[in-house]
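So this one's coords-v5.pdb, PDB, C-alpha atoms and all ligand atoms:
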```pdb
MODEL        1
ATOM      1  CA  MET U  30      54.964  20.585-183.654
ATOM      2  CA  ARG U  31      54.779  18.776-180.319
ATOM      3  CA  GLY U  32      57.902  16.929-179.168
ATOM      4  CA  GLY U  33      59.019  16.772-182.800
ATOM      5  CA  CYS U  34      55.677  15.340-183.994
ATOM      6  CA  ASP U  35      52.968  17.046-186.018
ATOM      7  CA  VAL U  36      49.840  15.749-184.259
ATOM      8  CA  THR U  37      46.299  15.513-185.653
ATOM      9  CA  ALA U  38      43.344  14.662-183.393
ATOM     10  CA  PHE U  39      40.413  12.784-184.961
ATOM     11  CA  SER U  40      37.037  13.060-183.286
ATOM     12  CA  THR U  41      33.378  12.610-184.163
ATOM     13  CA  ASN U  42      32.630  15.606-181.972
ATOM     14  CA  PRO U  43      33.484  19.073-183.366
ATOM     15  CA  ASP U  44      32.990  20.497-179.854
ATOM     16  CA  LYS U  45      36.309  18.843-178.928
ATOM     17  CA  GLU U  46      38.327  20.840-181.486
ATOM     18  CA  ALA U  47      39.367  23.710-179.190
ATOM     19  CA  GLU U  48      40.141  21.260-176.373
ATOM     20  CA  ALA U  49      42.230  19.094-178.725
ATOM     21  CA  HIS U  50      44.356  22.147-179.591
ATOM     22  CA  GLU U  51      44.696  23.062-175.895
ATOM     23  CA  LEU U  52      45.855  19.500-175.208
ATOM     24  CA  GLY U  53      48.591  19.862-177.828
ATOM     25  CA  ALA U  54      47.139  18.757-181.179
ATOM     26  CA  ASN U  55      48.330  20.788-184.156
ATOM     27  CA  HIS U  56      45.343  19.858-186.335
ATOM     28  CA  PHE U  57      41.820  18.491-185.893
ATOM     29  CA  VAL U  58      39.776  16.261-188.217
ATOM     30  CA  ASN U  59      36.047  15.690-187.817
ATOM     31  CA  SER U  60      35.911  11.965-188.528
ATOM     32  CA  ARG U  61      32.219  12.173-189.503
ATOM     33  CA  ASP U  62      33.059  14.549-192.376
ATOM     34  CA  PRO U  63      33.951  12.496-195.502
ATOM     35  CA  LYS U  64      35.520  15.556-197.190
ATOM     36  CA  ALA U  65      37.801  16.205-194.203
ATOM     37  CA  LEU U  66      38.952  12.567-194.342
ATOM     38  CA  GLU U  67      39.597  12.787-198.088
ATOM     39  CA  GLN U  68      41.695  15.914-197.533
ATOM     40  CA  VAL U  69      44.094  14.080-195.213
ATOM     41  CA  ALA U  70      44.763  11.212-197.667
ATOM     42  CA  ASN U  71      48.441  10.246-197.808
ATOM     43  CA  SER U  72      49.298  12.371-194.714
ATOM     44  CA  PHE U  73      50.247  10.275-191.696
ATOM     45  CA  ASP U  74      53.220   8.139-190.662
ATOM     46  CA  LEU U  75      51.184   6.684-187.778
ATOM     47  CA  ILE U  76      47.476   6.579-186.941
ATOM     48  CA  LEU U  77      46.690   5.415-183.401
ATOM     49  CA  SER U  78      43.109   4.139-183.139
ATOM     50  CA  THR U  79      41.533   4.311-179.683
ATOM     51  CA  VAL U  80      37.921   3.894-180.854
ATOM     52  CA  ASN U  81      35.668   1.060-179.759
ATOM     53  CA  ALA U  82      33.505   1.102-182.911
ATOM     54  CA  ASP U  83      33.689  -0.279-186.456
ATOM     55  CA  LEU U  84      34.835   2.366-188.941
ATOM     56  CA  ASP U  85      35.621   2.354-192.658
ATOM     57  CA  TRP U  86      39.253   1.348-192.115
ATOM     58  CA  GLY U  87      40.109   1.670-195.815
ATOM     59  CA  ILE U  88      39.815   5.462-195.432
ATOM     60  CA  TYR U  89      42.385   5.367-192.623
ATOM     61  CA  VAL U  90      44.777   3.130-194.598
ATOM     62  CA  ASN U  91      44.380   5.680-197.417
ATOM     63  CA  ALA U  92      45.253   8.474-194.967
ATOM     64  CA  LEU U  93      48.663   6.857-194.306
ATOM     65  CA  ARG U  94      51.795   7.868-196.160
ATOM     66  CA  PRO U  95      53.874   5.127-197.803
ATOM     67  CA  LYS U  96      55.339   2.867-195.041
ATOM     68  CA  GLY U  97      52.746   4.270-192.591
ATOM     69  CA  ARG U  98      51.141   2.223-189.828
ATOM     70  CA  LEU U  99      47.542   2.017-188.576
ATOM     71  CA  HIS U 100      47.900   0.889-184.961
ATOM     72  CA  PHE U 101      44.978  -0.373-182.836
ATOM     73  CA  VAL U 102      44.701  -0.030-179.077
ATOM     74  CA  GLY U 103      40.885   0.335-179.161
ATOM     75  CA  VAL U 104      39.005  -2.969-179.368
ATOM     76  CA  VAL U 105      36.584  -2.801-182.291
ATOM     77  CA  PRO U 106      33.636  -5.206-182.226
ATOM     78  CA  ASN U 107      34.190  -6.852-185.626
ATOM     79  CA  ALA U 108      37.014  -8.026-187.871
ATOM     80  CA  ILE U 109      38.990  -5.249-189.571
ATOM     81  CA  PRO U 110      38.532  -5.620-193.330
ATOM     82  CA  ALA U 111      41.482  -4.402-195.373
ATOM     83  CA  GLN U 112      42.280  -4.469-199.088
ATOM     84  CA  ALA U 113      45.678  -6.061-199.697
ATOM     85  CA  PHE U 114      46.681  -3.845-202.648
ATOM     86  CA  PRO U 115      46.946  -0.463-200.799
ATOM     87  CA  LEU U 116      48.959  -2.218-198.061
ATOM     88  CA  ILE U 117      51.305  -3.804-200.598
ATOM     89  CA  ALA U 118      51.676  -0.794-202.904
ATOM     90  CA  GLY U 119      52.234   1.619-200.009
ATOM     91  CA  GLN U 120      54.212  -0.877-197.865
ATOM     92  CA  LYS U 121      51.742  -0.005-195.078
ATOM     93  CA  SER U 122      51.100  -1.976-191.861
ATOM     94  CA  LEU U 123      48.251  -2.776-189.498
ATOM     95  CA  SER U 124      49.239  -3.528-185.885
ATOM     96  CA  GLY U 125      48.038  -3.523-182.266
ATOM     97  CA  SER U 126      49.364  -3.545-178.717
ATOM     98  CA  PRO U 127      48.068  -4.187-175.181
ATOM     99  CA  LEU U 128      48.480  -2.049-172.050
ATOM    100  CA  GLY U 129      52.061  -1.767-170.819
ATOM    101  CA  SER U 130      53.645  -4.026-168.212
ATOM    102  CA  PRO U 131      53.956  -2.683-164.612
ATOM    103  CA  THR U 132      57.504  -1.507-165.502
ATOM    104  CA  THR U 133      56.304   0.338-168.619
ATOM    105  CA  THR U 134      53.394   1.844-166.660
ATOM    106  CA  ALA U 135      55.810   3.063-163.939
ATOM    107  CA  LYS U 136      58.036   4.628-166.652
ATOM    108  CA  MET U 137      54.976   6.325-168.179
ATOM    109  CA  LEU U 138      53.948   7.731-164.764
ATOM    110  CA  ASP U 139      57.516   9.019-164.171
ATOM    111  CA  PHE U 140      57.432  10.659-167.615
ATOM    112  CA  ALA U 141      54.013  12.223-166.881
ATOM    113  CA  ALA U 142      55.228  13.546-163.494
ATOM    114  CA  ARG U 143      58.421  14.972-165.034
ATOM    115  CA  HIS U 144      56.522  16.828-167.748
ATOM    116  CA  GLY U 145      53.497  17.851-165.633
ATOM    117  CA  ILE U 146      51.066  15.726-167.668
ATOM    118  CA  ALA U 147      47.817  15.056-165.796
ATOM    119  CA  PRO U 148      44.526  13.454-166.861
ATOM    120  CA  VAL U 149      41.497  15.664-167.459
ATOM    121  CA  THR U 150      38.799  14.361-165.129
ATOM    122  CA  GLU U 151      35.338  15.215-163.807
ATOM    123  CA  MET U 152      34.412  14.343-160.228
ATOM    124  CA  PHE U 153      30.959  13.077-159.231
ATOM    125  CA  GLU U 154      29.796  12.056-155.739
ATOM    126  CA  PHE U 155      29.253   8.307-155.601
ATOM    127  CA  SER U 156      25.575   8.993-154.813
ATOM    128  CA  GLN U 157      25.358  10.714-158.260
ATOM    129  CA  VAL U 158      26.389   7.562-160.127
ATOM    130  CA  ASN U 159      23.235   7.602-162.295
ATOM    131  CA  GLU U 160      23.827  11.247-163.315
ATOM    132  CA  ALA U 161      27.462  10.347-164.047
ATOM    133  CA  LEU U 162      26.356   7.480-166.314
ATOM    134  CA  GLU U 163      23.859   9.723-168.142
ATOM    135  CA  HIS U 164      26.625  12.315-168.619
ATOM    136  CA  LEU U 165      28.902   9.592-170.023
ATOM    137  CA  GLU U 166      26.233   8.097-172.299
ATOM    138  CA  ALA U 167      25.413  11.572-173.678
ATOM    139  CA  GLY U 168      29.072  11.849-174.826
ATOM    140  CA  LYS U 169      29.664  14.790-172.470
ATOM    141  CA  ALA U 170      32.410  13.294-170.265
ATOM    142  CA  ARG U 171      35.643  15.339-170.371
ATOM    143  CA  TYR U 172      37.417  13.032-170.319
ATOM    144  CA  ARG U 173      37.377  10.520-167.473
ATOM    145  CA  ILE U 174      34.679  10.517-164.782
ATOM    146  CA  VAL U 175      35.857   9.781-161.245
ATOM    147  CA  LEU U 176      33.346   8.790-158.547
ATOM    148  CA  LYS U 177      34.167  10.178-155.089
ATOM    149  CA  PRO U 178      33.394   7.732-152.249
TER     150      PRO U 178
HETATM  151  N1  LIG P   1      45.001  -2.015-175.960
HETATM  152  C1  LIG P   1      44.756  -2.073-174.651
HETATM  153  O1  LIG P   1      45.529  -2.613-173.842
HETATM  154  C2  LIG P   1      43.512  -1.403-174.113
HETATM  155  C3  LIG P   1      43.457  -0.981-172.779
HETATM  156  C4  LIG P   1      42.318  -0.342-172.319
HETATM  157  C5  LIG P   1      41.238  -0.131-173.172
HETATM  158  N2  LIG P   1      41.311  -0.590-174.455
HETATM  159  C6  LIG P   1      40.211  -0.360-175.403
HETATM  160  O2  LIG P   1      40.301   0.976-175.872
HETATM  161  C7  LIG P   1      39.020   1.364-176.374
HETATM  162  C8  LIG P   1      38.686   2.763-175.876
HETATM  163  O3  LIG P   1      38.453   2.734-174.488
HETATM  164  P1  LIG P   1      38.062   4.062-173.729
HETATM  165  O4  LIG P   1      37.844   3.712-172.309
HETATM  166  O5  LIG P   1      39.075   5.134-174.072
HETATM  167  O6  LIG P   1      36.646   4.385-174.410
HETATM  168  P2  LIG P   1      35.943   5.799-174.594
HETATM  169  O7  LIG P   1      36.314   6.746-173.517
HETATM  170  O8  LIG P   1      34.495   5.485-174.847
HETATM  171  O9  LIG P   1      36.612   6.371-175.914
HETATM  172  C9  LIG P   1      36.347   5.842-177.179
HETATM  173  C10 LIG P   1      36.252   7.022-178.138
HETATM  174  O10 LIG P   1      36.039   6.504-179.441
HETATM  175  C11 LIG P   1      35.298   7.445-180.183
HETATM  176  N3  LIG P   1      34.150   6.769-180.765
HETATM  177  C12 LIG P   1      33.156   6.122-180.107
HETATM  178  N4  LIG P   1      32.244   5.668-180.977
HETATM  179  C13 LIG P   1      32.673   6.036-182.198
HETATM  180  C14 LIG P   1      32.158   5.853-183.510
HETATM  181  N5  LIG P   1      31.015   5.203-183.749
HETATM  182  N6  LIG P   1      32.859   6.361-184.524
HETATM  183  C15 LIG P   1      34.013   7.015-184.311
HETATM  184  N7  LIG P   1      34.557   7.225-183.082
HETATM  185  C16 LIG P   1      33.884   6.731-182.058
HETATM  186  C17 LIG P   1      34.803   8.529-179.246
HETATM  187  O11 LIG P   1      35.640   9.674-179.431
HETATM  188  P3  LIG P   1      35.029  11.045-179.993
HETATM  189  O12 LIG P   1      33.865  11.403-179.099
HETATM  190  O13 LIG P   1      36.163  12.004-179.846
HETATM  191  O14 LIG P   1      34.626  10.784-181.391
HETATM  192  C18 LIG P   1      35.054   7.924-177.873
HETATM  193  O15 LIG P   1      35.337   8.915-176.911
HETATM  194  C19 LIG P   1      38.033   0.285-175.934
HETATM  195  O16 LIG P   1      37.752  -0.536-177.046
HETATM  196  C20 LIG P   1      38.810  -0.469-174.864
HETATM  197  O17 LIG P   1      38.385  -1.823-174.778
HETATM  198  C21 LIG P   1      42.435  -1.204-174.927
ENDMDL
END
```
Using structure tokens, write down the structure that the file contains.
Amino acid sequence: MRGGCDVTAFSTNPDKEAEAHELGANHFVNSRDPKALEQVANSFDLILSTVNADLDWGIYVNALRPKGRLHFVGVVPNAIPAQAFPLIAGQKSLSGSPLGSPTTTAKMLDFAARHGIAPVTEMFEFSQVNEALEHLEAGKARYRIVLKP
């Protein structure tokens, strides 16, 4: 339990499992493993989607408990198809939200400072921008790349 929540990290990359636990996740699901997704059916009050790709969203609606919510902050390229019946029968919701206002962002930074929460970054010299892009495109970035001037 983290802050009263039981947190599950979803990732396509099993190499991130140990890191997800270090960062506070209680459980890890390989989102490319159909069996692992089936096993978490009816499990979550909230799923927060940060992906920028089209997925089979019905599986994620199925992974919600009754009255659960699938919330989008990641911008997926295409429309999100959803069957009405599982939403109606389970009283489930789909929703989204943008970045916070300057006030909300300031509150978030205060919260992060108070609890010692810092981003995980990798530094590259600006002259290594091509190497940094290759590293990013290979899915190896952990987790944000910062270019040093
Ligand atoms: N709501 C807002 O106000 C707001 C603000 C900023 C950004 N965004 C949006 O948020 C999204 C994420 O941005 P980001 O900078 O965090 O991108 P990012 O670093 O590329 O992260 C996206 C993650 O999605 C996962 N992913 C990528 N392709 C996938 C696929 N085919 N299937 C399943 N998972 C996949 C990957 O995680 P794994 O490697 O762990 O699988 C990847 O690390 C973008 O769409 C961006 O436009 C929204």
Could you list, as a compact mmCIF listing (two decimals) with C-alpha atoms, in the frame of the given file, every residue within 8 Å of Ser124 (chain U), counting all atoms listed in the file and ignoring same-chain residues fewer than 6 positions away?
```txt
# COMPACT_ATOMS: atom_id res chain seq x y z
CA ARG U 98 51.14 2.22 -189.83
CA LEU U 99 47.54 2.02 -188.58
CA HIS U 100 47.90 0.89 -184.96
CA PHE U 101 44.98 -0.37 -182.84
```
| field | Surroundings of ligand LIG 1 (chain P) up to 9 Å, based on all atoms listed in the file, as JSON, numbers by chain | value | {"U": [38, 39, 40, 41, 42, 43, 45, 59, 60, 61, 78, 79, 80, 81, 82, 83, 84, 101, 102, 103, 104, 105, 106, 125, 126, 127, 128, 129, 165, 168, 169, 170, 172, 173]}
| Applied to the shown file, which residues does the PyMOL selection byres (((chain U and resi 153-162) around 8) and not hetatm) return, written as a list in words? | Glu151, Met152, Glu163, His164, Leu165, Glu166, Ile174, Val175, Leu176, Lys177 and Pro178 of chain U
| request: Determine the residue membership of the PyMOL selection byres (((chain U and resi 70) around 8) and not hetatm) for the file above and supply it as an MDAnalysis selection string. | output: chainID U and resid 66:69 71:72 88 91:94
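Taking CA of Thr150 (chain U) as the reference point, CA of Leu77 (chain U) is found at 21.8 Å.
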| Hey, what comes out of the PyMOL selection byres (((chain U and resi 112) around 12) and not hetatm) on this file? Could you write it as a ChimeraX atom specification? | /U:85-91,109-111,113-119,121-123
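Rounded to one decimal, CA of Leu75 (chain U) and CA of His50 (chain U) lie 18.8 Å from each other.
The space separating CA of Ala54 (chain U) from CA of Thr37 (chain U) comes to 5.6 Å.
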| remark: Shortest contact to His56 (chain U), candidates U:Ala167, U:Lys96, U:Asp35, U:Phe140, atoms counted all atoms listed in the file, goes to U:Asp35
